[in-house]
$ cat work.pdb   # PDB, C-alpha atoms
ATOM      1  CA  MET H   1       6.117 -11.502  13.096  1.00  0.00           C
ATOM      2  CA  THR H   2       9.314 -12.717  11.568  1.00  0.00           C
ATOM      3  CA  LEU H   3      12.018 -10.715   9.845  1.00  0.00           C
ATOM      4  CA  HIS H   4      11.165 -12.615   6.665  1.00  0.00           C
ATOM      5  CA  LYS H   5       7.628 -11.173   6.689  1.00  0.00           C
ATOM      6  CA  TYR H   6       9.009  -7.623   7.002  1.00  0.00           C
ATOM      7  CA  VAL H   7      11.509  -8.141   4.190  1.00  0.00           C
ATOM      8  CA  VAL H   8       8.890  -9.649   1.872  1.00  0.00           C
ATOM      9  CA  SER H   9       6.442  -6.808   2.594  1.00  0.00           C
ATOM     10  CA  ALA H  10       9.110  -4.195   1.866  1.00  0.00           C
ATOM     11  CA  GLU H  11      10.047  -6.036  -1.350  1.00  0.00           C
ATOM     12  CA  TYR H  12       6.423  -6.081  -2.524  1.00  0.00           C
ATOM     13  CA  GLY H  13       6.217  -2.371  -1.799  1.00  0.00           C
ATOM     14  CA  VAL H  14       9.322  -1.689  -3.872  1.00  0.00           C
ATOM     15  CA  MET H  15       8.029  -3.859  -6.738  1.00  0.00           C
ATOM     16  CA  ILE H  16       4.722  -1.998  -6.775  1.00  0.00           C
ATOM     17  CA  GLY H  17       6.469   1.376  -6.438  1.00  0.00           C
ATOM     18  CA  ALA H  18       8.816   0.605  -9.332  1.00  0.00           C
ATOM     19  CA  THR H  19       5.896  -0.505 -11.487  1.00  0.00           C
ATOM     20  CA  VAL H  20       3.942   2.652 -10.656  1.00  0.00           C
ATOM     21  CA  TYR H  21       7.008   4.792 -11.430  1.00  0.00           C
ATOM     22  CA  VAL H  22       7.555   3.178 -14.834  1.00  0.00           C
ATOM     23  CA  LEU H  23       3.848   3.318 -15.760  1.00  0.00           C
ATOM     24  CA  GLY H  24       3.664   6.940 -14.580  1.00  0.00           C
ATOM     25  CA  GLN H  25       6.567   7.800 -16.863  1.00  0.00           C
ATOM     26  CA  LEU H  26       5.012   5.827 -19.725  1.00  0.00           C
ATOM     27  CA  PHE H  27       1.641   7.583 -19.457  1.00  0.00           C
ATOM     28  CA  HIS H  28       3.188  11.025 -18.775  1.00  0.00           C
ATOM     29  CA  LEU H  29       1.711  11.408 -15.275  1.00  0.00           C
ATOM     30  CA  TRP H  30       5.070  12.932 -14.386  1.00  0.00           C
ATOM     31  CA  ASN H  31       8.427  13.457 -15.981  1.00  0.00           C
ATOM     32  CA  MET H  32      10.700  12.530 -13.107  1.00  0.00           C
ATOM     33  CA  PRO H  33      14.325  11.874 -14.024  1.00  0.00           C
ATOM     34  CA  ALA H  34      15.754   8.576 -12.839  1.00  0.00           C
ATOM     35  CA  ASP H  35      18.519  10.175 -10.785  1.00  0.00           C
ATOM     36  CA  THR H  36      19.950   9.008  -7.465  1.00  0.00           C
ATOM     37  CA  VAL H  37      17.771  11.249  -5.273  1.00  0.00           C
ATOM     38  CA  ASN H  38      14.500  10.352  -7.021  1.00  0.00           C
ATOM     39  CA  LEU H  39      15.171   6.620  -7.152  1.00  0.00           C
ATOM     40  CA  THR H  40      16.398   6.487  -3.549  1.00  0.00           C
ATOM     41  CA  GLY H  41      13.298   8.383  -2.415  1.00  0.00           C
ATOM     42  CA  LEU H  42      11.089   6.082  -4.477  1.00  0.00           C
ATOM     43  CA  VAL H  43      12.652   2.899  -3.064  1.00  0.00           C
ATOM     44  CA  ILE H  44      12.496   4.077   0.563  1.00  0.00           C
ATOM     45  CA  MET H  45       8.933   5.384   0.176  1.00  0.00           C
ATOM     46  CA  SER H  46       7.779   2.177  -1.532  1.00  0.00           C
ATOM     47  CA  ALA H  47       9.414  -0.050   1.091  1.00  0.00           C
ATOM     48  CA  LEU H  48       7.738   1.962   3.872  1.00  0.00           C
ATOM     49  CA  ILE H  49       4.358   1.637   2.163  1.00  0.00           C
ATOM     50  CA  GLY H  50       4.952  -2.112   1.786  1.00  0.00           C
ATOM     51  CA  LEU H  51       5.729  -2.357   5.496  1.00  0.00           C
ATOM     52  CA  LEU H  52       2.683  -0.266   6.296  1.00  0.00           C
ATOM     53  CA  SER H  53       0.581  -2.832   4.438  1.00  0.00           C
ATOM     54  CA  LEU H  54       1.251  -5.254   7.279  1.00  0.00           C
ATOM     55  CA  ILE H  55      -1.555  -3.397   9.061  1.00  0.00           C
ATOM     56  CA  PHE H  56      -3.971  -5.607   7.115  1.00  0.00           C
ATOM     57  CA  ASP H  57      -2.664  -8.626   9.048  1.00  0.00           C
ATOM     58  CA  SER H  58      -4.038  -7.063  12.234  1.00  0.00           C
ATOM     59  CA  PRO H  59      -7.008  -8.821  13.825  1.00  0.00           C
ATOM     60  CA  ARG H  60      -8.196  -5.478  15.198  1.00  0.00           C
ATOM     61  CA  GLY H  61     -10.512  -3.148  13.354  1.00  0.00           C
ATOM     62  CA  SER H  62     -12.717  -3.509  10.335  1.00  0.00           C
ATOM     63  CA  ASN H  63     -11.332  -3.679   6.823  1.00  0.00           C
ATOM     64  CA  LEU H  64     -12.679  -0.195   6.134  1.00  0.00           C
ATOM     65  CA  LEU H  65     -10.921   1.203   9.205  1.00  0.00           C
ATOM     66  CA  LEU H  66      -7.643  -0.500   8.294  1.00  0.00           C
ATOM     67  CA  LEU H  67      -7.947   0.714   4.692  1.00  0.00           C
ATOM     68  CA  SER H  68      -8.604   4.271   5.898  1.00  0.00           C
ATOM     69  CA  ILE H  69      -5.582   4.200   8.206  1.00  0.00           C
ATOM     70  CA  HIS H  70      -3.401   2.709   5.465  1.00  0.00           C
ATOM     71  CA  CYS H  71      -4.555   5.286   2.918  1.00  0.00           C
ATOM     72  CA  GLY H  72      -4.013   8.236   5.272  1.00  0.00           C
ATOM     73  CA  VAL H  73      -0.574   7.170   6.459  1.00  0.00           C
ATOM     74  CA  THR H  74       0.443   6.228   2.910  1.00  0.00           C
ATOM     75  CA  PHE H  75      -0.545   9.713   1.759  1.00  0.00           C
ATOM     76  CA  ALA H  76       1.536  11.204   4.583  1.00  0.00           C
ATOM     77  CA  VAL H  77       4.545   9.108   3.483  1.00  0.00           C
ATOM     78  CA  VAL H  78       4.042  10.223  -0.134  1.00  0.00           C
ATOM     79  CA  VAL H  79       3.777  13.896   0.889  1.00  0.00           C
ATOM     80  CA  ALA H  80       6.889  13.658   3.083  1.00  0.00           C
ATOM     81  CA  THR H  81       8.854  11.968   0.312  1.00  0.00           C
ATOM     82  CA  SER H  82       7.578  14.498  -2.225  1.00  0.00           C
ATOM     83  CA  TYR H  83       8.730  17.327   0.015  1.00  0.00           C
ATOM     84  CA  LEU H  84      12.156  15.784   0.720  1.00  0.00           C
ATOM     85  CA  CYS H  85      12.785  14.927  -2.944  1.00  0.00           C
ATOM     86  CA  ASP H  86      11.338  18.229  -4.224  1.00  0.00           C
ATOM     87  CA  TRP H  87       8.634  16.536  -6.326  1.00  0.00           C
ATOM     88  CA  LEU H  88       5.771  18.939  -5.534  1.00  0.00           C
ATOM     89  CA  ILE H  89       6.427  22.143  -7.449  1.00  0.00           C
ATOM     90  CA  PRO H  90       8.222  20.794 -10.544  1.00  0.00           C
ATOM     91  CA  TYR H  91       5.608  18.080 -11.086  1.00  0.00           C
ATOM     92  CA  GLY H  92       2.339  19.979 -10.737  1.00  0.00           C
ATOM     93  CA  GLY H  93       1.829  20.981  -7.111  1.00  0.00           C
ATOM     94  CA  TRP H  94      -0.564  19.777  -4.416  1.00  0.00           C
ATOM     95  CA  TRP H  95      -3.713  19.177  -6.466  1.00  0.00           C
ATOM     96  CA  LYS H  96      -1.930  17.068  -9.029  1.00  0.00           C
ATOM     97  CA  LEU H  97      -0.230  15.151  -6.216  1.00  0.00           C
ATOM     98  CA  LEU H  98      -3.558  14.476  -4.511  1.00  0.00           C
ATOM     99  CA  GLY H  99      -5.322  13.476  -7.748  1.00  0.00           C
ATOM    100  CA  THR H 100      -2.455  11.251  -8.840  1.00  0.00           C
ATOM    101  CA  PHE H 101      -2.283   9.650  -5.378  1.00  0.00           C
ATOM    102  CA  VAL H 102      -6.003   8.843  -5.357  1.00  0.00           C
ATOM    103  CA  LEU H 103      -5.850   7.402  -8.876  1.00  0.00           C
ATOM    104  CA  ILE H 104      -2.791   5.266  -8.131  1.00  0.00           C
ATOM    105  CA  TYR H 105      -4.112   4.123  -4.731  1.00  0.00           C
ATOM    106  CA  ILE H 106      -7.392   2.954  -6.271  1.00  0.00           C
ATOM    107  CA  LEU H 107      -5.663   1.196  -9.173  1.00  0.00           C
ATOM    108  CA  VAL H 108      -3.126  -0.564  -6.937  1.00  0.00           C
ATOM    109  CA  TRP H 109      -5.846  -1.577  -4.461  1.00  0.00           C
ATOM    110  CA  ALA H 110      -8.036  -2.898  -7.291  1.00  0.00           C
ATOM    111  CA  GLY H 111      -5.103  -4.835  -8.761  1.00  0.00           C
ATOM    112  CA  LEU H 112      -4.207  -6.406  -5.434  1.00  0.00           C
ATOM    113  CA  TYR H 113      -7.862  -7.223  -4.720  1.00  0.00           C
ATOM    114  CA  LEU H 114      -8.284  -8.845  -8.136  1.00  0.00           C
ATOM    115  CA  ASN H 115      -5.056 -10.804  -7.645  1.00  0.00           C
ATOM    116  CA  SER H 116      -6.220 -12.126  -4.271  1.00  0.00           C
ATOM    117  CA  ARG H 117      -9.578 -13.167  -5.747  1.00  0.00           C
ATOM    118  CA  ILE H 118      -7.868 -15.033  -8.599  1.00  0.00           C
ATOM    119  CA  MET H 119      -5.463 -16.749  -6.177  1.00  0.00           C
ATOM    120  CA  ALA H 120      -8.346 -17.803  -3.900  1.00  0.00           C
ATOM    121  CA  ARG H 121     -10.269 -19.195  -6.868  1.00  0.00           C
ATOM    122  CA  GLN H 122      -7.208 -21.150  -8.044  1.00  0.00           C
ATOM    123  CA  MET H 123      -6.596 -22.574  -4.558  1.00  0.00           C
ATOM    124  CA  ASN H 124     -10.239 -23.647  -4.248  1.00  0.00           C
ATOM    125  CA  LEU H 125     -10.056 -25.322  -7.649  1.00  0.00           C
ATOM    126  CA  GLN H 126      -6.906 -27.223  -6.615  1.00  0.00           C
ATOM    127  CA  LEU H 127      -8.581 -28.322  -3.369  1.00  0.00           C
ATOM    128  CA  LYS H 128     -11.581 -29.621  -5.318  1.00  0.00           C
ATOM    129  CA  GLN H 129      -9.306 -31.526  -7.691  1.00  0.00           C
ATOM    130  CA  ARG H 130      -7.413 -33.126  -4.791  1.00  0.00           C
ATOM    131  CA  LYS H 131     -10.662 -34.042  -3.091  1.00  0.00           C
ATOM    132  CA  HIS H 132     -11.889 -35.809  -6.235  1.00  0.00           C
ATOM    133  CA  GLN H 133      -8.578 -37.682  -6.607  1.00  0.00           C
ATOM    134  CA  GLU H 134      -8.841 -39.180  -3.107  1.00  0.00           C
TER     135      GLU H 134
END

$ encode --input "work.pdb" --output "structure tokens"
Amino acid sequence: MTLHKYVVSAEYGVMIGATVYVLGQLFHLWNMPADTVNLTGLVIMSALIGLLSLIFDSPRGSNLLLLSIHCGVTFAVVVATSYLCDWLIPYGGWWKLLGTFVLIYILVWAGLYLNSRIMARQMNLQLKQRKHQE
């Protein structure tokens, strides 16, 4: 794998993390101030999760196994970041963290899945159009 692939994966993670943060604030899932500690924790956590998503490029294991590993390790990263940034107690404790994590993980996964389906459909349509032009 190239350095470019790692950088792009980390960037996607940060973009998704920033979007989740803003939407979480908008829908009052948490009231986390945008201070240096919180934003640094968010960026590092999101970049790590983006890098962890490279697991899906692995030829080993079923999609369900890879998804399970990704989900478990992502939760561990979220818990560690929550502990280091002191997000647990002020923002609702363990049960709220777990519920919010599951909700966000499902929504992000569904969004990425839908995006990949739309992209595949668009690419197939372009291939058909090129084939008819030849």

$ residues_around --input "work.pdb" --residues "segment 34-51 of chain H" --least-positions-apart "5" --cutoff "7 Å" --atoms "all atoms listed in the file" --output "tab-separated table (two decimals) with C-alpha atoms, in the coordinates of the input"
chain	number	residue	atom	x	y	z
H	6	TYR	CA	9.01	-7.62	7.00
H	9	SER	CA	6.44	-6.81	2.59
H	10	ALA	CA	9.11	-4.20	1.87
H	11	GLU	CA	10.05	-6.04	-1.35
H	12	TYR	CA	6.42	-6.08	-2.52
H	13	GLY	CA	6.22	-2.37	-1.80
H	14	VAL	CA	9.32	-1.69	-3.87
H	17	GLY	CA	6.47	1.38	-6.44
H	74	THR	CA	0.44	6.23	2.91
H	77	VAL	CA	4.54	9.11	3.48
H	78	VAL	CA	4.04	10.22	-0.13
H	81	THR	CA	8.85	11.97	0.31
H	85	CYS	CA	12.78	14.93	-2.94

$ atom_distance --input "work.pdb" --atom1 "atom CA of Ala110 of chain H" --atom2 "atom CA of Gly92 of chain H"
25.4 Å

$ atom_distance --input "work.pdb" --atom1 "atom CA of Met32 of chain H" --atom2 "atom CA of Leu114 of chain H"
29.0 Å

$ atom_distance --input "work.pdb" --atom1 "atom CA of Leu98 of chain H" --atom2 "atom CA of Phe56 of chain H"
23.2 Å

$ resolve_selection --input "work.pdb" --expression "the PyMOL selection byres ((chain H and resi 105) around 12)" --output "ChimeraX atom specification"
/H:16-17,20,49,67-68,70-72,74-75,78,97-104,106-113

$ axis_aligned_box --input "work.pdb" --around "segment 95-99 of chain H" --padding-each-side "3 Å" --output "lines of an AutoDock Vina configuration file"
center_x = -2.8
center_y = 16.3
center_z = -6.8
size_x = 11.1
size_y = 11.7
size_z = 10.5
